[in-house]
$ cat query-v4.txt   # compact mmCIF, C-alpha atoms and all ligand atoms
# COMPACT_ATOMS: atom_id res chain seq x y z
CA MET X 1 121.12 -173.05 149.40
CA SER X 2 122.22 -174.21 145.96
CA GLU X 3 123.21 -177.84 145.60
CA THR X 4 125.81 -177.10 142.92
CA LEU X 5 129.25 -176.64 144.40
CA ALA X 6 130.92 -173.32 143.58
CA LEU X 7 133.85 -175.46 142.43
CA LEU X 8 131.54 -176.85 139.71
CA GLY X 9 130.15 -173.49 138.67
CA GLY X 10 127.41 -173.03 141.31
CA PRO X 11 126.96 -169.82 143.32
CA ARG X 12 129.30 -169.16 146.23
CA VAL X 13 127.71 -169.38 149.70
CA VAL X 14 129.94 -166.87 151.48
CA ASP X 15 129.74 -163.11 151.11
CA THR X 16 133.49 -162.55 151.27
CA THR X 17 133.06 -158.80 151.83
CA LEU X 18 132.04 -159.70 155.40
CA LYS X 19 135.56 -160.90 156.23
CA ILE X 20 137.42 -158.70 158.69
CA ARG X 21 141.15 -158.34 158.35
CA TRP X 22 143.42 -158.89 161.35
CA PRO X 23 144.89 -157.27 163.30
CA ILE X 24 142.36 -154.55 163.97
CA VAL X 25 144.05 -151.21 164.58
CA THR X 26 141.94 -148.64 166.45
CA ASP X 27 142.40 -144.90 166.97
CA ALA X 28 143.50 -145.69 170.54
CA ASP X 29 146.25 -147.98 169.17
CA LYS X 30 147.42 -145.26 166.80
CA ALA X 31 147.45 -142.68 169.59
CA ALA X 32 149.48 -145.02 171.81
CA VAL X 33 152.13 -145.51 169.13
CA ALA X 34 152.12 -141.81 168.19
CA ARG X 35 152.73 -140.93 171.84
CA VAL X 36 155.95 -142.95 171.77
CA LEU X 37 157.06 -141.23 168.56
CA ASP X 38 156.23 -137.81 170.00
CA GLU X 39 157.69 -138.27 173.45
CA GLY X 40 160.12 -141.19 173.29
CA PRO X 41 162.21 -143.01 174.20
CA LEU X 42 162.08 -145.37 171.21
CA TRP X 43 164.14 -148.10 172.80
CA ALA X 44 164.92 -149.53 176.23
CA GLN X 45 167.70 -147.27 177.49
CA SER X 46 170.15 -148.50 180.06
CA THR X 47 170.45 -146.17 183.02
CA ASP X 48 171.97 -146.44 186.49
CA ASP X 49 168.51 -147.45 187.71
CA GLY X 50 168.06 -150.25 185.18
CA LEU X 51 166.22 -150.17 181.89
CA PHE X 52 164.28 -147.01 181.17
CA ALA X 53 161.45 -148.04 178.87
CA PRO X 54 158.08 -146.79 180.11
CA GLU X 55 155.88 -148.66 177.61
CA MET X 56 157.79 -151.94 177.86
CA THR X 57 157.82 -151.77 181.65
CA ALA X 58 154.10 -150.97 181.82
CA LEU X 59 153.32 -153.81 179.40
CA GLU X 60 155.30 -156.19 181.59
CA ARG X 61 153.42 -155.10 184.70
CA GLU X 62 150.00 -155.27 183.03
CA PHE X 63 150.57 -158.63 181.34
CA ALA X 64 151.94 -160.23 184.52
CA GLU X 65 148.80 -159.07 186.30
CA PHE X 66 146.61 -160.37 183.46
CA VAL X 67 148.22 -163.84 183.63
CA GLY X 68 148.39 -163.93 187.42
CA VAL X 69 152.18 -164.19 187.84
CA ARG X 70 154.75 -161.94 189.52
CA HIS X 71 157.04 -161.15 186.59
CA CYS X 72 156.93 -160.56 182.86
CA LEU X 73 159.78 -159.63 180.52
CA ALA X 74 158.96 -158.29 177.07
CA SER X 75 161.13 -159.55 174.22
CA ASN X 76 161.32 -159.16 170.46
CA GLY X 77 159.50 -162.47 169.79
CA GLY X 78 157.88 -165.57 171.23
CA THR X 79 160.85 -167.67 170.08
CA ALA X 80 163.15 -165.37 172.07
CA ALA X 81 160.88 -165.67 175.13
CA LEU X 82 161.00 -169.48 174.81
CA HIS X 83 164.77 -169.41 174.54
CA MET X 84 165.01 -167.11 177.58
CA ALA X 85 162.96 -169.64 179.57
CA LEU X 86 165.03 -172.64 178.46
CA ALA X 87 168.28 -170.84 179.27
CA ALA X 88 166.90 -169.70 182.63
CA ALA X 89 165.98 -173.33 183.39
CA GLY X 90 169.64 -174.25 182.91
CA VAL X 91 168.94 -176.43 179.87
CA GLY X 92 172.33 -177.01 178.24
CA PRO X 93 174.35 -179.07 175.75
CA GLY X 94 173.05 -182.61 175.34
CA ASP X 95 170.05 -182.14 177.64
CA GLU X 96 166.80 -183.51 176.28
CA VAL X 97 163.64 -181.42 176.26
CA ILE X 98 160.37 -183.20 175.53
CA THR X 99 157.87 -181.26 173.46
CA SER X 100 154.96 -181.81 171.09
CA ALA X 101 155.31 -183.22 167.58
CA PHE X 102 152.53 -180.81 166.63
CA SER X 103 153.68 -177.20 167.00
CA PHE X 104 155.34 -174.38 165.14
CA VAL X 105 158.99 -175.14 164.43
CA ALA X 106 160.04 -172.28 166.74
CA THR X 107 159.30 -174.54 169.73
CA PRO X 108 162.04 -177.15 169.06
CA VAL X 109 164.37 -174.59 167.46
CA ALA X 110 164.44 -172.67 170.77
CA VAL X 111 165.69 -175.93 172.33
CA LEU X 112 168.43 -176.22 169.70
CA HIS X 113 169.60 -172.73 170.60
CA GLN X 114 170.66 -174.07 174.00
CA SER X 115 172.60 -176.89 172.28
CA ALA X 116 169.98 -179.22 173.71
CA VAL X 117 168.00 -181.93 171.96
CA PRO X 118 164.25 -181.72 171.29
CA ILE X 119 162.50 -185.04 171.87
CA PHE X 120 159.05 -185.16 170.33
CA ALA X 121 156.01 -186.81 171.88
CA ASP X 122 152.85 -187.66 169.95
CA ILE X 123 149.54 -185.88 170.53
CA ASP X 124 146.25 -186.77 172.15
CA PRO X 125 144.00 -187.13 169.09
CA ARG X 126 141.10 -185.42 170.86
CA THR X 127 142.80 -182.16 171.90
CA PHE X 128 145.77 -182.06 169.45
CA ASN X 129 147.92 -181.31 172.52
CA VAL X 130 150.92 -183.37 173.60
CA ASP X 131 149.96 -186.69 175.21
CA PRO X 132 151.29 -186.91 178.81
CA ALA X 133 151.54 -190.72 178.57
CA ASP X 134 153.81 -190.45 175.52
CA ILE X 135 155.90 -187.79 177.29
CA GLU X 136 156.43 -190.19 180.18
CA ARG X 137 157.50 -193.00 177.83
CA ARG X 138 160.21 -190.73 176.45
CA VAL X 139 161.79 -189.59 179.73
CA THR X 140 165.45 -190.64 180.02
CA SER X 141 168.33 -189.81 182.38
CA ARG X 142 169.16 -186.90 180.02
CA THR X 143 165.70 -185.31 180.17
CA LYS X 144 165.85 -181.88 181.73
CA ALA X 145 162.59 -180.18 180.83
CA ILE X 146 159.12 -180.58 179.36
CA LEU X 147 157.84 -177.97 176.93
CA PRO X 148 154.10 -178.50 176.39
CA VAL X 149 152.38 -176.30 173.81
CA HIS X 150 148.84 -174.97 174.28
CA ILE X 151 148.13 -175.59 170.63
CA HIS X 152 145.45 -173.50 168.90
CA GLY X 153 144.67 -171.84 172.23
CA VAL X 154 143.53 -174.96 174.13
CA PRO X 155 145.60 -175.57 177.30
CA ALA X 156 147.59 -178.80 177.46
CA GLU X 157 146.84 -181.36 180.17
CA MET X 158 148.91 -179.51 182.75
CA ASP X 159 148.00 -181.46 185.91
CA ALA X 160 149.25 -184.71 184.38
CA ILE X 161 152.33 -183.00 182.91
CA ASN X 162 153.25 -181.25 186.17
CA ALA X 163 152.75 -184.49 188.11
CA LEU X 164 155.06 -186.49 185.86
CA ALA X 165 157.60 -183.64 185.91
CA ASP X 166 157.57 -183.81 189.72
CA ARG X 167 158.03 -187.58 189.67
CA HIS X 168 161.10 -187.28 187.41
CA GLY X 169 162.53 -184.00 188.75
CA LEU X 170 161.96 -182.06 185.52
CA ILE X 171 161.14 -178.43 184.93
CA VAL X 172 158.07 -177.46 182.90
CA ILE X 173 157.92 -174.49 180.53
CA GLU X 174 154.64 -173.60 178.80
CA ASP X 175 154.70 -172.63 175.14
CA ALA X 176 151.68 -170.37 175.46
CA CYS X 177 152.39 -168.49 172.21
CA GLN X 178 148.95 -169.39 170.82
CA ALA X 179 147.06 -169.08 174.09
CA PRO X 180 147.06 -165.63 175.75
CA GLY X 181 144.03 -165.58 178.03
CA ALA X 182 143.12 -169.28 177.72
CA ARG X 183 142.24 -170.94 181.02
CA TYR X 184 142.86 -174.37 182.54
CA LYS X 185 140.81 -175.20 185.63
CA GLY X 186 140.21 -171.49 186.11
CA ARG X 187 143.87 -170.42 185.92
CA ARG X 188 145.34 -168.60 182.94
CA ALA X 189 147.86 -170.13 180.54
CA GLY X 190 151.26 -168.85 181.66
CA ALA X 191 150.47 -169.45 185.34
CA LEU X 192 150.40 -173.25 184.99
CA ALA X 193 154.16 -173.96 185.20
CA PRO X 194 157.29 -172.21 186.55
CA MET X 195 157.87 -170.33 183.26
CA ALA X 196 155.99 -169.61 180.04
CA ALA X 197 156.39 -167.81 176.73
CA PHE X 198 153.84 -165.86 174.68
CA SER X 199 154.02 -164.40 171.18
CA LEU X 200 152.82 -160.98 170.05
CA ASN X 201 153.18 -161.91 166.38
CA GLY X 202 150.57 -160.21 164.19
CA THR X 203 148.64 -163.45 163.65
CA LYS X 204 148.01 -164.08 167.35
CA ASN X 205 144.93 -163.07 169.40
CA LEU X 206 147.21 -160.47 171.07
CA ALA X 207 148.87 -159.10 167.96
CA ALA X 208 151.41 -156.29 168.13
CA GLY X 209 153.19 -157.12 164.86
CA GLU X 210 156.17 -158.89 166.41
CA GLY X 211 157.15 -159.38 170.03
CA GLY X 212 157.13 -161.86 172.88
CA LEU X 213 156.43 -162.09 176.59
CA PHE X 214 158.28 -164.28 179.09
CA VAL X 215 156.49 -164.85 182.41
CA THR X 216 157.40 -166.39 185.76
CA SER X 217 156.74 -165.92 189.45
CA ASP X 218 160.29 -166.94 190.35
CA ASP X 219 162.86 -164.18 191.02
CA THR X 220 165.87 -166.25 189.94
CA TYR X 221 164.32 -167.34 186.66
CA ARG X 222 163.38 -163.75 185.97
CA ALA X 223 166.93 -162.53 186.63
CA ARG X 224 168.46 -165.23 184.41
CA ALA X 225 165.98 -164.66 181.61
CA ASN X 226 166.67 -160.94 181.78
CA MET X 227 170.37 -161.61 181.23
CA VAL X 228 169.56 -163.73 178.20
CA ARG X 229 167.51 -160.81 176.88
CA MET X 230 170.45 -158.44 177.43
CA VAL X 231 173.33 -160.20 175.61
CA GLY X 232 174.27 -161.87 178.89
CA GLU X 233 174.73 -158.66 180.84
CA THR X 234 173.67 -158.31 184.44
CA LEU X 235 171.84 -155.03 184.84
CA PRO X 236 172.10 -152.71 187.83
CA ARG X 237 169.76 -153.74 190.65
CA GLU X 238 169.42 -157.24 189.20
CA ASP X 239 170.38 -160.42 191.00
CA ARG X 240 174.10 -160.56 190.16
CA THR X 241 174.33 -164.36 190.13
CA MET X 242 177.97 -165.05 189.25
CA GLU X 243 177.08 -168.26 187.49
CA PHE X 244 175.25 -166.36 184.77
CA GLN X 245 177.27 -163.17 184.70
CA HIS X 246 179.13 -164.02 181.51
CA LEU X 247 176.39 -165.80 179.67
CA VAL X 248 176.60 -165.95 175.86
CA ALA X 249 173.22 -164.56 174.85
CA TRP X 250 171.41 -162.50 172.26
CA ASN X 251 169.84 -159.09 172.14
CA TYR X 252 166.15 -159.91 172.63
CA ARG X 253 165.02 -156.50 173.88
CA ALA X 254 161.51 -155.28 173.08
CA GLN X 255 160.87 -151.91 171.46
CA GLU X 256 158.71 -149.11 172.76
CA MET X 257 156.35 -148.78 169.78
CA PRO X 258 155.25 -152.44 169.68
CA SER X 259 155.02 -152.39 173.48
CA ALA X 260 152.66 -149.40 173.36
CA PHE X 261 150.61 -151.13 170.64
CA ALA X 262 150.49 -154.36 172.67
CA ARG X 263 149.34 -152.50 175.81
CA SER X 264 146.54 -150.89 173.89
CA GLN X 265 145.51 -154.25 172.40
CA LEU X 266 145.72 -156.02 175.75
CA ARG X 267 142.74 -153.90 176.84
CA ARG X 268 140.66 -155.62 174.10
CA LEU X 269 142.13 -159.13 174.35
CA GLU X 270 139.26 -160.46 176.46
CA THR X 271 136.76 -159.10 173.92
CA TYR X 272 138.54 -160.80 171.01
CA ASN X 273 138.89 -164.05 172.97
CA ALA X 274 135.19 -163.99 173.83
CA GLN X 275 134.34 -163.42 170.16
CA ALA X 276 136.61 -166.31 169.14
CA ARG X 277 134.89 -168.54 171.70
CA ALA X 278 131.39 -167.54 170.62
CA ASN X 279 132.30 -168.09 166.95
CA GLY X 280 133.99 -171.40 167.70
CA GLU X 281 131.02 -172.64 169.69
CA LEU X 282 128.65 -171.52 166.94
CA LEU X 283 130.64 -173.48 164.33
CA THR X 284 130.79 -176.53 166.59
CA ARG X 285 127.01 -176.45 167.15
CA ARG X 286 126.30 -176.05 163.45
CA LEU X 287 128.79 -178.71 162.30
CA HIS X 288 127.79 -181.29 164.87
CA GLY X 289 126.25 -184.22 163.03
CA VAL X 290 127.38 -183.18 159.52
CA PRO X 291 128.68 -186.44 158.00
CA GLY X 292 132.37 -186.20 157.17
CA VAL X 293 133.14 -183.40 159.65
CA GLU X 294 134.33 -183.66 163.25
CA PRO X 295 134.42 -180.33 165.08
CA PRO X 296 137.22 -179.83 167.67
CA TRP X 297 136.70 -181.16 171.19
CA VAL X 298 137.57 -179.02 174.18
CA PRO X 299 137.88 -180.54 177.69
CA ALA X 300 135.23 -179.21 180.09
CA ASP X 301 137.86 -177.73 182.43
CA CYS X 302 139.48 -175.64 179.65
CA GLU X 303 138.42 -172.24 178.35
CA PRO X 304 140.00 -172.04 174.90
CA ILE X 305 140.67 -168.93 172.84
CA TYR X 306 140.32 -170.68 169.44
CA HIS X 307 143.50 -169.15 168.03
CA LYS X 308 142.82 -171.71 165.32
CA TYR X 309 139.64 -173.74 164.74
CA ARG X 310 140.51 -177.14 163.29
CA ILE X 311 138.03 -179.68 161.92
CA ARG X 312 138.85 -183.30 161.29
CA LEU X 313 137.73 -184.78 158.00
CA ARG X 314 136.11 -188.21 158.14
CA GLU X 315 136.13 -189.51 154.57
CA GLU X 316 134.88 -192.86 155.83
CA ASP X 317 131.50 -191.20 156.61
CA LEU X 318 131.06 -190.36 152.94
CA ASP X 319 132.39 -193.58 151.49
CA LEU X 320 134.49 -191.74 148.92
CA PRO X 321 137.37 -193.35 147.03
CA LEU X 322 139.70 -190.60 148.25
CA ARG X 323 141.83 -190.85 151.37
CA GLY X 324 143.97 -188.62 153.59
CA VAL X 325 145.69 -185.73 151.88
CA ALA X 326 143.82 -186.26 148.58
CA PHE X 327 140.48 -185.94 150.36
CA ARG X 328 141.67 -183.00 152.43
CA ASP X 329 142.89 -181.11 149.37
CA LEU X 330 139.62 -181.74 147.54
CA VAL X 331 137.57 -180.46 150.49
CA ARG X 332 139.85 -177.48 150.81
CA ALA X 333 139.45 -176.58 147.14
CA ALA X 334 135.65 -176.92 147.44
CA LEU X 335 135.54 -174.76 150.60
CA VAL X 336 137.79 -172.07 149.17
CA ALA X 337 135.58 -171.93 146.06
CA GLU X 338 132.59 -171.33 148.38
CA GLY X 339 134.48 -168.39 149.92
CA VAL X 340 135.58 -170.13 153.14
CA ASP X 341 139.11 -169.48 154.40
CA ALA X 342 140.35 -173.06 154.89
CA VAL X 343 144.06 -173.69 155.42
CA THR X 344 146.47 -176.46 156.32
CA TRP X 345 148.56 -175.19 159.19
CA LEU X 346 151.55 -177.55 159.42
CA GLU X 347 152.04 -179.90 156.49
CA ALA X 348 153.93 -182.54 158.48
CA PRO X 349 154.78 -183.56 162.07
CA LEU X 350 157.77 -181.62 163.39
CA PRO X 351 160.12 -184.66 163.39
CA ALA X 352 159.67 -184.79 159.59
CA HIS X 353 160.84 -181.19 159.25
CA PRO X 354 164.05 -180.96 157.20
CA ILE X 355 166.07 -179.60 160.11
CA PHE X 356 165.42 -182.83 162.05
CA GLN X 357 166.01 -185.12 159.10
CA ARG X 358 169.35 -183.79 157.86
CA ARG X 359 172.40 -185.52 159.22
CA ASP X 360 175.10 -183.02 158.36
CA GLY X 361 174.76 -180.75 161.36
CA TYR X 362 172.52 -177.75 161.05
CA GLY X 363 174.24 -175.36 158.76
CA SER X 364 175.79 -172.68 160.86
CA GLY X 365 178.42 -174.59 162.83
CA TYR X 366 176.42 -174.49 166.06
CA PRO X 367 177.44 -176.90 168.79
CA TRP X 368 173.98 -178.49 168.65
CA SER X 369 175.05 -180.40 165.59
CA ILE X 370 177.31 -182.49 167.83
CA ALA X 371 174.63 -183.65 170.28
CA HIS X 372 172.22 -184.12 167.44
CA ARG X 373 174.10 -186.53 165.28
CA GLU X 374 173.24 -189.33 167.70
CA TYR X 375 169.52 -188.82 167.20
CA ARG X 376 167.24 -190.24 164.53
CA TYR X 377 163.76 -188.76 164.27
CA ARG X 378 161.32 -191.38 163.00
CA VAL X 379 158.07 -189.98 161.72
CA GLU X 380 156.35 -193.38 162.14
CA GLU X 381 156.51 -192.80 165.90
CA TYR X 382 153.93 -190.02 165.60
CA PRO X 383 150.85 -191.64 164.03
CA GLU X 384 148.33 -189.34 165.72
CA THR X 385 150.13 -186.20 164.60
CA GLN X 386 150.49 -187.58 161.09
CA ARG X 387 146.77 -188.45 160.95
CA LEU X 388 145.86 -185.00 162.13
CA VAL X 389 147.95 -183.12 159.57
CA ASP X 390 146.70 -185.38 156.77
CA ASN X 391 143.02 -185.36 157.75
CA SER X 392 142.15 -181.93 159.03
CA LEU X 393 141.76 -178.31 158.01
CA VAL X 394 141.85 -175.03 159.88
CA ILE X 395 138.74 -172.96 159.25
CA CYS X 396 139.66 -169.25 159.03
CA SER X 397 143.09 -167.93 158.14
CA GLU X 398 145.74 -165.83 159.81
CA LEU X 399 144.56 -162.81 157.84
CA HIS X 400 140.91 -163.39 158.83
CA PRO X 401 140.99 -165.32 162.15
CA LEU X 402 137.95 -166.40 164.13
CA CYS X 403 138.53 -163.86 166.91
CA CYS X 404 137.38 -160.89 164.82
CA GLN X 405 134.86 -162.33 162.35
CA PRO X 406 131.17 -161.35 162.50
CA PRO X 407 128.76 -164.17 163.46
CA ARG X 408 126.98 -163.69 160.11
CA LEU X 409 130.13 -164.74 158.27
CA VAL X 410 130.64 -167.68 160.61
CA GLU X 411 127.04 -168.80 159.94
CA GLN X 412 127.81 -168.69 156.22
CA TYR X 413 130.98 -170.70 156.78
CA ALA X 414 128.91 -173.38 158.55
CA GLU X 415 126.42 -173.33 155.68
CA ALA X 416 129.20 -173.67 153.10
CA ILE X 417 130.85 -176.56 154.97
CA THR X 418 127.49 -178.33 155.28
CA LYS X 419 126.90 -177.82 151.54
CA VAL X 420 130.29 -179.23 150.57
CA PHE X 421 129.82 -182.32 152.74
CA SER X 422 126.20 -182.94 151.81
CA GLY X 423 126.77 -184.02 148.21
CA ARG X 424 128.78 -187.20 147.72
CA SER X 425 128.25 -187.23 143.95
CA ALA X 426 129.13 -183.53 143.68
CA LEU X 427 132.38 -184.19 145.54
CA LEU X 428 133.15 -187.10 143.22
CA GLU X 429 132.52 -184.88 140.20
CA ALA X 430 134.79 -182.20 141.72
CA ALA X 431 137.46 -184.82 142.33
CA ASP X 432 137.29 -185.79 138.64
CA LYS X 433 137.52 -182.16 137.64
CA LEU X 434 140.62 -181.64 139.81
CA GLY X 435 142.15 -184.96 138.78
CA ALA X 436 142.41 -185.97 142.44
CA VAL X 437 144.21 -189.24 142.99
CA GLN X 438 141.84 -191.93 144.21
CA ALA X 439 142.71 -194.39 146.96
C1 LIG X 501 153.25 -172.59 169.23
C2 LIG X 501 154.20 -171.46 168.89
N1 LIG X 501 155.39 -171.41 169.48
C3 LIG X 501 156.27 -170.43 169.22
C4 LIG X 501 155.95 -169.41 168.35
C5 LIG X 501 157.00 -168.38 168.05
O1 LIG X 501 156.59 -167.08 168.31
P1 LIG X 501 157.23 -165.87 167.48
O2 LIG X 501 156.77 -166.02 166.06
O3 LIG X 501 156.67 -164.64 168.15
O4 LIG X 501 158.70 -165.94 167.62
C6 LIG X 501 154.70 -169.40 167.71
C7 LIG X 501 154.24 -168.34 166.81
O5 LIG X 501 154.68 -167.94 165.82
C8 LIG X 501 153.81 -170.48 167.96
O6 LIG X 501 152.62 -170.54 167.35

$ encode --input "query-v4.txt" --output "C-alpha cells" --more "lines below"
Ligand SMILES: Cc1ncc(COP(=O)(O)O)c(C=O)c1O
Amino acid sequence: MSETLALLGGPRVVDTTLKIRWPIVTDADKAAVARVLDEGPLWAQSTDDGLFAPEMTALEREFAEFVGVRHCLASNGGTAALHMALAAAGVGPGDEVITSAFSFVATPVAVLHQSAVPIFADIDPRTFNVDPADIERRVTSRTKAILPVHIHGVPAEMDAINALADRHGLIVIEDACQAPGARYKGRRAGALAPMAAFSLNGTKNLAAGEGGLFVTSDDTYRARANMVRMVGETLPREDRTMEFQHLVAWNYRAQEMPSAFARSQLRRLETYNAQARANGELLTRRLHGVPGVEPPWVPADCEPIYHKYRIRLREEDLDLPLRGVAFRDLVRAALVAEGVDAVTWLEAPLPAHPIFQRRDGYGSGYPWSIAHREYRYRVEEYPETQRLVDNSLVICSELHPLCCQPPRLVEQYAEAITKVFSGRSALLEAADKLGAVQA
C-alpha cells in the first residue's frame, strides 16, 4: 500500500470498476414488469368488489407476511405511507408528534400534512436513533404520537419507546423507511408498534423506484389509512366508519408496474440484507482500532440491514489542527480521491432545516402555519445530532450502497480508509493543499 495519498498524487487504492450500481434489475424483474404491460391492468381499478390490482394486492399480502403483521397497504411513497399512518392515528391540528432530529425531512413533513407539530428529540450518540429519555422530557399535554425512525436500518429502542408511550397514552408509529427486514429482539421492523411505514424508493434495500408500504395489524387503522390513500373515499366492503367518510385526503395509490417490480425484489431482499450485514461487519472488523475512526455500534439485540454505514471521525486521535466540518471535509476529499464513495447524508439536524426556521408560515397557505407560529426550533437543543452530522461520514453512496457491493471492494475501502488515517503529516499536507480552515 502506497503511503502517498491519492489526493497528493499517489496511486488510488480502490479499483472503482468493482463498484456495483443499485438497484440491480434481473431478468425476473423485467419479466414481472413486462407481464403487467402485456396483461394489465396498469392501475388499481375500482370495482364493486373493491380495488382490482393483482400485483399491488399480492405485494401487500406478501409484505405483510414478511413483516409479520396482518395488513399492508401499498402507496406511491414512504412519505404517503407515513401520512396515512398519522391520519389513521387521528393526529390532527395542533397535536404534537415527537420524532428524531436525525432523519430525512419527509418524517416531520408528514406530520405537518396533518396540521400537527413535529417536536424533535435528540439522538443516542451510540446508535444515531432517537433517545427515549429525550422523548420523555418533551412529552406535553398536546403530545399525541411518537414517530421513532429506524435510522440507517438499525431499529430504534422500541421497548423503552413503547413503555413510555403506554405511560403517557400515546400512539407509536415506526418510520421504517430505511429498515425493511431489520430485526429488534427477533421481531421485524414494522411489527414493533401499532403502525409503520416503509419506502420503496430506488435508494432503499427494497428498491422499486418509488413507492411505499403502510403496515398494521389493526383493522380500524387499516380502514382509515385506506381512505387516506383513496382521496378520503370509503371503498366497498371496507369499514364504513362515518367519522372518516368525508376525510380530506390525497391520491396515494400504488401502481401495478412498481408493485410487480417490488414483489420480484422482495424475493431477494434477505439476500441483499445479508450482504449488507456481512459487508458492514467486515468494515467494522477492519476499521476497529484505526486511530481517528469509530465504526458504528449496533446493540446486541438488533439485526441491522446497514442501509447506510456511518463512521464517526475522531480528530482528537490524530491531534490535527482541524475540527468538525473542516476535518470531515478533508477526510472526505482524501477518501474520494482514493476511490471510496464517502458522503454526508444530512448536512444539519432537522430543526435547522429552513422549513422549521422560517416564521412566515410554510408557503402554501396550509393550516399548519397557524399551529406552527408558536414554536421556535432551537438547534442548540440537539448537540448529539449536531456532533454527528459534523463529525461523521457515510461510507458507500446511494448509487453504490453496501447491500450489493462485492467483499473485494469493501476490503479495498477498509484499506483506503486505513491509509488516509495512518498519515498525520500527509493529512496536514492535504489540508494545506485544499486550503482547509484550521481550528
Ligand atoms: C427515514 C425516512 N423517512 C421517510 C422517507 C420517505 O420515503 P419516500 O422517499 O419513499 O417518500 C425516507 C426515504 O426517502 C426515509 O429515509

$ residues_around --input "query-v4.txt" --residues "segment 180-194 of chain X" --least-positions-apart "5" --cutoff "7 Å" --atoms "all atoms listed in the file" --output "list of chain:residue names"
X:Val67, X:Gly68, X:Val69, X:Gly153, X:Val154, X:Pro155, X:Met158, X:Val172, X:Ile173, X:Glu174, X:Leu206, X:Val215, X:Thr216, X:Ser217, X:Asp301, X:Cys302, X:Glu303, X:Pro304, X:Ile305

$ residues_near_ligand --input "query-v4.txt" --ligand "ligand LIG 501 (chain X)" --cutoff "10 Å" --atoms "all atoms listed in the file" --output "PyMOL selection string"
chain X and resi 75-83+100+102-110+148-153+174-179+197-204+207-213+307

$ write_last_selection --input "query-v4.txt" --atoms "C-alpha atoms" --output "mmCIF file, in the coordinates of the input"
data_model
loop_
_atom_site.group_PDB
_atom_site.id
_atom_site.type_symbol
_atom_site.label_atom_id
_atom_site.label_comp_id
_atom_site.auth_asym_id
_atom_site.auth_seq_id
_atom_site.Cartn_x
_atom_site.Cartn_y
_atom_site.Cartn_z
ATOM 1 C CA SER X 75 161.130 -159.550 174.220
ATOM 2 C CA ASN X 76 161.320 -159.160 170.460
ATOM 3 C CA GLY X 77 159.500 -162.470 169.790
ATOM 4 C CA GLY X 78 157.880 -165.570 171.230
ATOM 5 C CA THR X 79 160.850 -167.670 170.080
ATOM 6 C CA ALA X 80 163.150 -165.370 172.070
ATOM 7 C CA ALA X 81 160.880 -165.670 175.130
ATOM 8 C CA LEU X 82 161.000 -169.480 174.810
ATOM 9 C CA HIS X 83 164.770 -169.410 174.540
ATOM 10 C CA SER X 100 154.960 -181.810 171.090
ATOM 11 C CA PHE X 102 152.530 -180.810 166.630
ATOM 12 C CA SER X 103 153.680 -177.200 167.000
ATOM 13 C CA PHE X 104 155.340 -174.380 165.140
ATOM 14 C CA VAL X 105 158.990 -175.140 164.430
ATOM 15 C CA ALA X 106 160.040 -172.280 166.740
ATOM 16 C CA THR X 107 159.300 -174.540 169.730
ATOM 17 C CA PRO X 108 162.040 -177.150 169.060
ATOM 18 C CA VAL X 109 164.370 -174.590 167.460
ATOM 19 C CA ALA X 110 164.440 -172.670 170.770
ATOM 20 C CA PRO X 148 154.100 -178.500 176.390
ATOM 21 C CA VAL X 149 152.380 -176.300 173.810
ATOM 22 C CA HIS X 150 148.840 -174.970 174.280
ATOM 23 C CA ILE X 151 148.130 -175.590 170.630
ATOM 24 C CA HIS X 152 145.450 -173.500 168.900
ATOM 25 C CA GLY X 153 144.670 -171.840 172.230
ATOM 26 C CA GLU X 174 154.640 -173.600 178.800
ATOM 27 C CA ASP X 175 154.700 -172.630 175.140
ATOM 28 C CA ALA X 176 151.680 -170.370 175.460
ATOM 29 C CA CYS X 177 152.390 -168.490 172.210
ATOM 30 C CA GLN X 178 148.950 -169.390 170.820
ATOM 31 C CA ALA X 179 147.060 -169.080 174.090
ATOM 32 C CA ALA X 197 156.390 -167.810 176.730
ATOM 33 C CA PHE X 198 153.840 -165.860 174.680
ATOM 34 C CA SER X 199 154.020 -164.400 171.180
ATOM 35 C CA LEU X 200 152.820 -160.980 170.050
ATOM 36 C CA ASN X 201 153.180 -161.910 166.380
ATOM 37 C CA GLY X 202 150.570 -160.210 164.190
ATOM 38 C CA THR X 203 148.640 -163.450 163.650
ATOM 39 C CA LYS X 204 148.010 -164.080 167.350
ATOM 40 C CA ALA X 207 148.870 -159.100 167.960
ATOM 41 C CA ALA X 208 151.410 -156.290 168.130
ATOM 42 C CA GLY X 209 153.190 -157.120 164.860
ATOM 43 C CA GLU X 210 156.170 -158.890 166.410
ATOM 44 C CA GLY X 211 157.150 -159.380 170.030
ATOM 45 C CA GLY X 212 157.130 -161.860 172.880
ATOM 46 C CA LEU X 213 156.430 -162.090 176.590
ATOM 47 C CA HIS X 307 143.500 -169.150 168.030
#

$ atom_distance --input "query-v4.txt" --atom1 "atom CA of Leu164 of chain X" --atom2 "atom CA of Thr385 of chain X"
21.8 Å

$ atom_distance --input "query-v4.txt" --atom1 "atom CA of Ile311 of chain X" --atom2 "atom CA of Glu411 of chain X"
15.6 Å

$ atom_distance --input "query-v4.txt" --atom1 "atom CA of Asn129 of chain X" --atom2 "atom CA of Phe327 of chain X"
23.8 Å

$ residues_around --input "query-v4.txt" --residues "Lys144 of chain X" --least-positions-apart "2" --cutoff "7 Å" --atoms "only C-alpha atoms" --output "VMD selection string"
chain X and resid 91 95 to 97 142 170 to 171

$ decode --input "query-v4.txt" --residues "segment 142-146 of chain X" --atoms "N, CA and C atoms" --output "short mmCIF file (atom, residue, chain, number, x, y, z; two decimals), in the first residue's frame"
data_model
loop_
_atom_site.label_atom_id
_atom_site.label_comp_id
_atom_site.auth_asym_id
_atom_site.auth_seq_id
_atom_site.Cartn_x
_atom_site.Cartn_y
_atom_site.Cartn_z
N ARG X 142 -50.17 18.13 24.88
CA ARG X 142 -50.58 18.13 23.47
C ARG X 142 -50.00 16.94 22.69
N THR X 143 -49.09 16.20 23.31
CA THR X 143 -48.45 15.10 22.57
C THR X 143 -49.47 14.02 22.25
N LYS X 144 -49.48 13.63 20.99
CA LYS X 144 -50.43 12.60 20.56
C LYS X 144 -49.71 11.31 20.13
N ALA X 145 -48.54 11.47 19.55
CA ALA X 145 -47.88 10.28 18.99
C ALA X 145 -46.37 10.41 19.06
N ILE X 146 -45.72 9.25 18.96
CA ILE X 146 -44.26 9.19 18.86
C ILE X 146 -43.93 8.52 17.52
#
